[in-house]
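Trainee: Structure supplied as run-v7.cif; contents: mmCIF, C-alpha atoms.
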```cif
data_data
loop_
_atom_site.label_atom_id
_atom_site.label_comp_id
_atom_site.auth_asym_id
_atom_site.auth_seq_id
_atom_site.Cartn_x
_atom_site.Cartn_y
_atom_site.Cartn_z
CA MET A 1 4.64 70.28 11.24
CA LEU A 2 1.41 70.44 13.30
CA ASP A 3 -1.88 70.86 11.48
CA ARG A 4 -3.75 74.09 12.03
CA PRO A 5 -6.93 73.89 14.13
CA GLY A 6 -9.95 72.89 12.08
CA ARG A 7 -7.86 71.49 9.24
CA PRO A 8 -8.77 67.87 8.48
CA PRO A 9 -5.87 65.43 8.77
CA GLU A 10 -4.19 64.49 5.54
CA ARG A 11 -4.80 61.00 4.30
CA GLN A 12 -1.95 58.89 3.07
CA ALA A 13 -2.47 57.51 -0.37
CA VAL A 14 -2.70 53.74 -0.53
CA ARG A 15 -0.79 52.37 -3.47
CA LEU A 16 -1.73 49.06 -5.03
CA ASP A 17 0.95 47.11 -6.83
CA LEU A 18 -0.79 46.25 -10.08
CA ARG A 19 2.33 45.17 -11.88
CA VAL A 20 2.16 41.87 -13.74
CA PRO A 21 4.85 39.41 -12.53
CA SER A 22 7.65 39.13 -15.03
CA LYS A 23 8.41 35.91 -16.85
CA GLU A 24 11.73 35.77 -15.00
CA SER A 25 10.10 35.91 -11.54
CA LEU A 26 7.51 33.30 -12.51
CA ARG A 27 10.25 31.09 -13.89
CA ALA A 28 12.29 31.48 -10.67
CA SER A 29 9.25 30.62 -8.55
CA GLY A 30 8.66 27.52 -10.63
CA GLN A 31 12.30 26.50 -10.31
CA VAL A 32 12.14 26.79 -6.51
CA GLN A 33 8.98 24.67 -6.45
CA SER A 34 10.61 22.07 -8.68
CA LEU A 35 13.67 22.00 -6.43
CA SER A 36 11.50 21.51 -3.36
CA ARG A 37 9.61 18.68 -5.03
CA ALA A 38 12.83 17.02 -6.21
CA LEU A 39 14.24 17.12 -2.67
CA LYS A 40 11.05 15.53 -1.35
CA LEU A 41 11.48 12.72 -3.87
CA LEU A 42 15.05 12.20 -2.68
CA ASN A 43 13.92 12.12 0.95
CA ALA A 44 11.27 9.52 0.13
CA LEU A 45 13.78 7.28 -1.63
CA ALA A 46 16.30 7.72 1.20
CA VAL A 47 14.01 6.01 3.71
CA HIS A 48 13.15 3.17 1.31
CA PRO A 49 16.51 1.57 0.43
CA GLN A 50 14.73 -1.29 -1.34
CA GLY A 51 13.45 1.21 -3.91
CA LEU A 52 10.04 2.53 -4.91
CA SER A 53 8.01 2.31 -8.10
CA LEU A 54 7.04 5.50 -9.87
CA SER A 55 3.51 5.47 -8.48
CA GLU A 56 4.78 4.69 -4.98
CA VAL A 57 7.31 7.50 -4.82
CA ALA A 58 4.84 9.93 -6.42
CA GLY A 59 2.22 8.94 -3.85
CA HIS A 60 4.64 9.49 -0.96
CA VAL A 61 5.14 13.14 -1.93
CA GLY A 62 1.68 13.82 -3.34
CA LEU A 63 2.66 14.42 -6.96
CA PRO A 64 1.14 13.25 -10.24
CA ASN A 65 3.08 10.40 -11.83
CA SER A 66 4.00 12.58 -14.82
CA THR A 67 5.52 15.32 -12.62
CA ALA A 68 7.38 12.82 -10.46
CA HIS A 69 8.78 11.08 -13.55
CA ARG A 70 10.02 14.36 -15.01
CA LEU A 71 11.82 15.28 -11.78
CA LEU A 72 13.22 11.78 -11.29
CA THR A 73 14.60 11.81 -14.83
CA THR A 74 16.35 15.11 -14.14
CA LEU A 75 17.79 13.71 -10.91
CA GLN A 76 18.85 10.58 -12.79
CA ASN A 77 20.77 12.68 -15.31
CA GLU A 78 22.75 14.13 -12.40
CA ARG A 79 23.12 10.65 -10.84
CA TYR A 80 21.22 11.54 -7.65
CA VAL A 81 18.80 8.69 -8.34
CA ARG A 82 18.94 5.59 -10.51
CA PHE A 83 16.34 3.38 -12.12
CA GLU A 84 16.53 -0.39 -11.77
CA SER A 85 14.77 -1.80 -14.84
CA GLU A 86 14.54 -5.39 -13.59
CA ARG A 87 12.25 -4.43 -10.72
CA SER A 88 11.04 -1.13 -12.21
CA VAL A 89 11.98 0.81 -9.07
CA TRP A 90 13.80 4.05 -8.36
CA LEU A 91 16.67 4.14 -5.87
CA ILE A 92 19.15 6.64 -4.43
CA GLY A 93 22.08 7.25 -6.78
CA VAL A 94 25.81 7.53 -6.28
CA GLN A 95 25.88 11.36 -6.35
CA ALA A 96 23.59 11.49 -3.32
CA PHE A 97 26.16 9.32 -1.53
CA CYS A 98 28.94 11.70 -2.58
CA VAL A 99 27.06 14.66 -1.12
CA GLY A 100 26.39 12.76 2.10
CA ALA A 101 30.03 11.72 2.33
CA ALA A 102 31.06 15.36 1.99
CA PHE A 103 28.92 16.16 5.04
CA VAL A 104 30.57 13.37 7.01
CA ARG A 105 34.00 14.73 6.10
CA SER A 106 33.07 18.30 6.95
CA ARG A 107 31.31 17.73 10.25
CA ASP A 108 33.24 18.67 13.36
CA LEU A 109 31.95 16.79 16.36
CA VAL A 110 33.31 19.30 18.86
CA ILE A 111 31.74 22.30 17.12
CA ILE A 112 28.41 20.52 16.73
CA ALA A 113 28.36 19.17 20.29
CA ARG A 114 29.46 22.30 22.16
CA PRO A 115 26.05 24.10 22.29
CA TYR A 116 24.45 20.91 23.59
CA MET A 117 27.24 20.46 26.14
CA ARG A 118 26.69 24.01 27.37
CA ARG A 119 22.97 23.36 27.75
CA LEU A 120 23.69 20.20 29.75
CA MET A 121 26.15 22.13 31.94
CA GLU A 122 23.50 24.76 32.63
CA GLN A 123 20.88 22.12 33.40
CA SER A 124 23.12 20.08 35.70
CA GLY A 125 25.35 22.78 37.14
CA GLU A 126 28.33 20.48 36.57
CA THR A 127 31.22 20.17 34.13
CA VAL A 128 30.42 18.39 30.86
CA ASN A 129 33.04 16.43 28.93
CA LEU A 130 33.28 14.92 25.46
CA ALA A 131 35.62 11.96 24.95
CA ILE A 132 36.60 9.33 22.40
CA ALA A 133 38.24 5.92 22.77
CA ASP A 134 41.92 5.58 21.98
CA ARG A 135 43.83 2.30 22.43
CA GLY A 136 42.25 1.16 25.67
CA GLU A 137 41.95 4.66 27.07
CA VAL A 138 39.68 7.64 26.57
CA ILE A 139 40.91 11.04 25.53
CA TYR A 140 38.89 14.14 26.37
CA ILE A 141 38.44 16.29 23.27
CA ALA A 142 36.19 19.04 24.65
CA GLN A 143 34.89 20.39 27.94
CA VAL A 144 32.40 22.96 29.17
CA GLU A 145 33.27 23.86 32.76
CA THR A 146 30.88 24.78 35.51
CA GLN A 147 31.50 28.08 37.26
CA LYS A 148 31.20 26.48 40.68
CA MET A 149 34.25 26.44 42.92
CA MET A 150 34.76 22.67 43.06
CA ARG A 151 34.96 21.10 39.61
CA ALA A 152 36.62 18.36 37.59
CA ILE A 153 40.24 19.07 36.70
CA ALA A 154 40.80 16.86 33.63
CA GLY A 155 40.57 19.04 30.53
CA PRO A 156 40.80 18.55 26.74
CA GLY A 157 43.77 16.35 25.88
CA GLY A 158 43.59 14.54 29.21
CA ARG A 159 43.33 10.76 29.30
CA ALA A 160 41.69 8.21 31.57
CA PRO A 161 41.52 4.40 31.67
CA MET A 162 38.43 2.95 30.03
CA HIS A 163 37.64 0.54 32.85
CA CYS A 164 37.25 3.18 35.55
CA SER A 165 35.87 6.24 33.76
CA GLY A 166 32.23 6.91 32.96
CA VAL A 167 32.91 7.70 29.30
CA GLY A 168 35.15 4.67 28.94
CA LYS A 169 32.69 2.23 30.47
CA SER A 170 29.79 3.63 28.45
CA LEU A 171 31.75 3.02 25.22
CA LEU A 172 32.78 -0.46 26.35
CA ALA A 173 29.19 -1.36 27.16
CA VAL A 174 27.88 -0.70 23.64
CA ALA A 175 30.85 -1.99 21.63
CA ASP A 176 30.14 -4.98 19.42
CA GLN A 177 31.01 -8.32 20.99
CA ALA A 178 34.24 -8.87 19.05
CA SER A 179 35.55 -5.37 19.81
CA ALA A 180 34.51 -5.61 23.46
CA ASP A 181 36.22 -8.97 23.94
CA LYS A 182 39.40 -7.68 22.29
CA LEU A 183 39.42 -4.54 24.43
CA LEU A 184 38.70 -6.36 27.68
CA SER A 185 41.46 -8.87 27.03
CA SER A 186 43.96 -6.08 26.40
CA LEU A 187 43.01 -3.82 29.31
CA GLU A 188 45.21 -3.63 32.37
CA LEU A 189 42.75 -3.12 35.19
CA HIS A 190 44.91 -0.93 37.41
CA ARG A 191 43.45 0.09 40.75
CA GLU A 192 43.06 3.86 40.84
CA THR A 193 40.99 4.02 44.05
CA VAL A 194 39.45 1.57 46.49
CA HIS A 195 36.29 1.67 44.31
CA THR A 196 37.99 0.68 41.03
CA LEU A 197 36.72 -2.52 39.42
CA ILE A 198 39.83 -4.63 38.90
CA THR A 199 38.44 -7.99 37.75
CA ILE A 200 36.91 -8.79 34.36
CA GLU A 201 33.92 -10.39 36.10
CA ASP A 202 33.10 -7.27 38.12
CA LEU A 203 33.57 -5.05 35.09
CA GLN A 204 31.35 -7.20 32.89
CA ARG A 205 28.60 -7.15 35.51
CA ASP A 206 28.81 -3.35 35.57
CA LEU A 207 28.72 -3.18 31.77
CA GLU A 208 25.51 -5.22 31.79
CA LYS A 209 23.93 -2.70 34.18
CA ILE A 210 25.02 0.12 31.87
CA ARG A 211 23.37 -1.54 28.88
CA LYS A 212 20.11 -1.94 30.79
CA ARG A 213 19.83 1.62 32.14
CA GLY A 214 21.43 3.42 29.18
CA TYR A 215 24.18 5.34 31.00
CA ALA A 216 27.40 4.64 32.89
CA VAL A 217 28.41 5.74 36.37
CA ASP A 218 31.95 6.30 37.62
CA ASN A 219 31.42 6.18 41.37
CA GLU A 220 34.80 7.44 42.65
CA GLU A 221 36.49 4.73 40.58
CA ASN A 222 39.01 7.03 38.89
CA ALA A 223 39.40 9.74 41.56
CA VAL A 224 38.29 9.86 45.18
CA GLY A 225 35.51 12.38 45.73
CA LEU A 226 34.52 12.56 42.05
CA ARG A 227 31.46 11.06 40.37
CA CYS A 228 30.67 10.94 36.68
CA VAL A 229 27.62 9.98 34.63
CA ALA A 230 28.08 9.26 30.90
CA ALA A 231 26.13 8.39 27.75
CA VAL A 232 27.12 7.43 24.21
CA ILE A 233 26.93 9.38 20.94
CA TYR A 234 26.50 7.18 17.84
CA ASP A 235 27.60 7.57 14.23
CA GLU A 236 25.57 7.02 11.07
CA HIS A 237 26.15 3.25 11.27
CA GLY A 238 24.83 2.98 14.83
CA ALA A 239 28.37 2.44 16.17
CA PRO A 240 29.70 4.31 19.23
CA LEU A 241 31.47 7.48 18.13
CA ALA A 242 32.09 9.34 21.40
CA ALA A 243 30.73 9.69 24.91
CA LEU A 244 29.34 12.63 26.86
CA SER A 245 29.71 12.91 30.62
CA VAL A 246 28.64 15.04 33.57
CA SER A 247 31.36 15.19 36.24
CA GLY A 248 31.48 16.73 39.69
CA PRO A 249 32.23 16.20 43.36
CA THR A 250 30.27 13.59 45.29
CA ALA A 251 29.03 16.40 47.54
CA ARG A 252 26.95 17.69 44.62
CA ILE A 253 26.48 14.57 42.52
CA THR A 254 24.77 12.55 45.19
CA GLU A 255 23.45 9.04 44.61
CA GLN A 256 19.93 10.51 44.54
CA ARG A 257 20.86 12.79 41.62
CA ILE A 258 22.48 10.09 39.50
CA PRO A 259 19.29 8.86 37.73
CA LEU A 260 18.28 12.43 36.85
CA LEU A 261 21.72 13.29 35.53
CA GLY A 262 21.85 9.97 33.68
CA ASP A 263 18.58 10.68 31.89
CA ALA A 264 19.76 14.21 31.05
CA ALA A 265 23.04 12.91 29.62
CA VAL A 266 21.22 10.26 27.55
CA GLY A 267 18.85 12.90 26.18
CA ILE A 268 21.58 15.34 25.17
CA ALA A 269 23.69 12.53 23.67
CA ALA A 270 20.67 11.50 21.59
CA GLU A 271 20.24 15.08 20.34
CA ILE A 272 23.90 15.25 19.29
CA THR A 273 23.57 11.85 17.60
CA ALA A 274 20.64 13.15 15.57
CA GLU A 275 22.43 16.43 14.74
CA ILE A 276 25.44 14.64 13.23
CA GLY A 277 23.23 12.26 11.26
CA GLY A 278 23.84 9.31 13.57
CA GLN A 279 21.41 6.72 14.83
CA ARG A 280 21.02 4.67 17.96
CA PRO A 281 21.27 0.91 17.34
CA THR A 282 17.97 -0.93 17.61
#
```
Using structure tokens, write down the structure from this file.
Mentor:
Amino acid sequence: MLDRPGRPPERQAVRLDLRVPSKESLRASGQVQSLSRALKLLNALAVHPQGLSLSEVAGHVGLPNSTAHRLLTTLQNERYVRFESERSVWLIGVQAFCVGAAFVRSRDLVIIARPYMRRLMEQSGETVNLAIADRGEVIYIAQVETQKMMRAIAGPGGRAPMHCSGVGKSLLAVADQASADKLLSSLELHRETVHTLITIEDLQRDLEKIRKRGYAVDNEENAVGLRCVAAVIYDEHGAPLAALSVSGPTARITEQRIPLLGDAAVGIAAEITAEIGGQRPT
């Protein structure tokens, strides 16, 4: 309803909440703060596997020794931390491992990686693949296709030889020496195209280049007219878990674009590694 002319506008009453917080709400607030502090203590111990004294761990999270000791004792009762009396240090407990192991069991690499793969596809304009090693071959477990007319045809479930695919060579390059030697000795270096590397010497030289620049290149080695740039995703032990690749026709993936695509693939692979709780080897 409109006010009549000359009538002053009504003022809305401002209500102040003068209620005293209940004991329950104060208790809940304190519990949340205690939980946050306890998690900070866990995080501090997690990055110091050799253990920390009470004053050290309290100092890392900015708590008084008495508060830190109370929280650590509670965590100890639930086996999230343990106290080593010989050195008088606190360490991560077995229950923290059990929780971490549950995450490892529950993680789904494809689900976690797909948003990153889509972003890489949008950045590059090319098809992005995710692959794992399997008995001297690679098997593609996920793919985000470009919408461009010419694109890679190998989809999820497809296989490729390790020695002439970008994902395969990237995984070979970072394998530990014993695993690499075993794989190389068992590989049959079939010629797929005129560009395929079919001698151990040539392949090892290429693997050394991959280690130096951080990404692999399949330069029409598996299919004529197709180039691929790949980088590795690592697990929590710093071991190769899978490989990510950008694939497309040589008309679009020119030699000039390879370094840019290589850097992009390495960056996205590093983000996925971090997301799954992995780490790059030092």
Trainee: If the PyMOL selection byres ((chain A and resi 134) around 12) were run on this exact file, what residues would it hold? Put them as a PyMOL selection string.
Mentor: chain A and resi 131-133+135-141+157-162+167-168+171-172+183+187+241-242
Trainee: Using the chain letters and numbers from the file, give me the residues hit by the PyMOL selection byres ((chain A and resi 75) around 10), as a list in words.
Mentor: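 Applied to this file, the PyMOL selection byres ((chain A and resi 75) around 10) returns Ala38, Leu39, Leu41, Leu42, His69, Arg70, Leu71, Leu72, Thr73, Thr74, Gln76, Asn77, Glu78, Arg79, Tyr80, Val81, Arg82, Ile92, Gly93, Gln95 and Ala96 of chain A.
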Trainee: Could those selected residues go to a file with C-alpha atoms, as a compact mmCIF listing (two decimals), keeping the file's coordinate frame?
Mentor:
```
# COMPACT_ATOMS: atom_id res chain seq x y z
CA ALA A 38 12.83 17.02 -6.21
CA LEU A 39 14.24 17.12 -2.67
CA LEU A 41 11.48 12.72 -3.87
CA LEU A 42 15.05 12.20 -2.68
CA HIS A 69 8.78 11.08 -13.55
CA ARG A 70 10.02 14.36 -15.01
CA LEU A 71 11.82 15.28 -11.78
CA LEU A 72 13.22 11.78 -11.29
CA THR A 73 14.60 11.81 -14.83
CA THR A 74 16.35 15.11 -14.14
CA GLN A 76 18.85 10.58 -12.79
CA ASN A 77 20.77 12.68 -15.31
CA GLU A 78 22.75 14.13 -12.40
CA ARG A 79 23.12 10.65 -10.84
CA TYR A 80 21.22 11.54 -7.65
CA VAL A 81 18.80 8.69 -8.34
CA ARG A 82 18.94 5.59 -10.51
CA ILE A 92 19.15 6.64 -4.43
CA GLY A 93 22.08 7.25 -6.78
CA GLN A 95 25.88 11.36 -6.35
CA ALA A 96 23.59 11.49 -3.32
```
Trainee: With the file shown as input, list the residues that the PyMOL selection byres ((chain A and resi 60) around 10) selects, as a ChimeraX atom specification.
Mentor: /A:40-41,43-45,52,55-59,61-63
Trainee: So which residues touch region 217-227 of chain A within 9 Å, counting all atoms listed in the file, skipping near sequence neighbours fewer than 3 positions away, as a PyMOL selection string?
Mentor: chain A and resi 151-152+160-161+163-167+169-170+191-197+210+230+246-251+253-254+258+262
Trainee: CA of Cys98 (chain A) to CA of Gly277 (chain A): how many Å, to one decimal?
Mentor: 15.0 Å
Trainee: How many Å separate CA of Asn65 (chain A) from CA of Arg37 (chain A)?
Mentor: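 Computing it gives 12.5 Å between the two atoms.
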Trainee: Rounded to one decimal in Å, what is the spacing between CA of Val128 (chain A) and CA of Gln204 (chain A)?
Mentor: 25.7 Å
Trainee: Determine the nearest neighbour of Asp181 (chain A) from the options A:Ala243, A:Leu54, A:Ile200, A:Val232, counting all atoms listed in the file.
Mentor: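 Ranking A:Ala243, A:Leu54, A:Ile200, A:Val232 by distance to Asp181 (chain A), first place goes to A:Ile200.
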Trainee: Considering only C-alpha atoms, can you say which of A:Pro64, A:Gly267, A:Gly278, A:Gly51 comes closest to Ser245 (chain A)?
Mentor: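 Closest to Ser245 (chain A), using only C-alpha atoms: A:Gly267.
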Trainee: Pick the closest to Pro259 (chain A) from A:Arg213, A:Arg87, A:His237, A:Arg280: which is it, counting all atoms listed in the file?
Mentor: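 Going through A:Arg213, A:Arg87, A:His237, A:Arg280 one by one, the smallest distance to Pro259 (chain A) is for A:Arg213.
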Trainee: Of the candidates A:Glu275, A:Lys209, A:Ser179, A:Gln50, which shows the shortest atom-to-atom distance to Pro240 (chain A), using only C-alpha atoms?
Mentor: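 Closest residue, counting only C-alpha atoms: A:Ser179.
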Trainee: With all atoms listed in the file as the counted atoms, please give the residues lying no more than 8 Å from Ile272 (chain A), apart from itself and same-chain residues fewer than 3 positions off, as a count of residues only.
Mentor: 8
Trainee: Looking at A:Leu207, A:Glu255, A:Ser53, A:Asp108, which one is nearest to Ala175 (chain A), with distances taken over all atoms listed in the file?
Mentor: A:Leu207
Trainee: From the list A:Ser124, A:Pro281, A:Ser66, A:Leu130, which residue is nearest Lys148 (chain A) when using all atoms listed in the file?
Mentor: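 When distances to Lys148 (chain A) are compared using all atoms listed in the file, the smallest one comes from A:Ser124.
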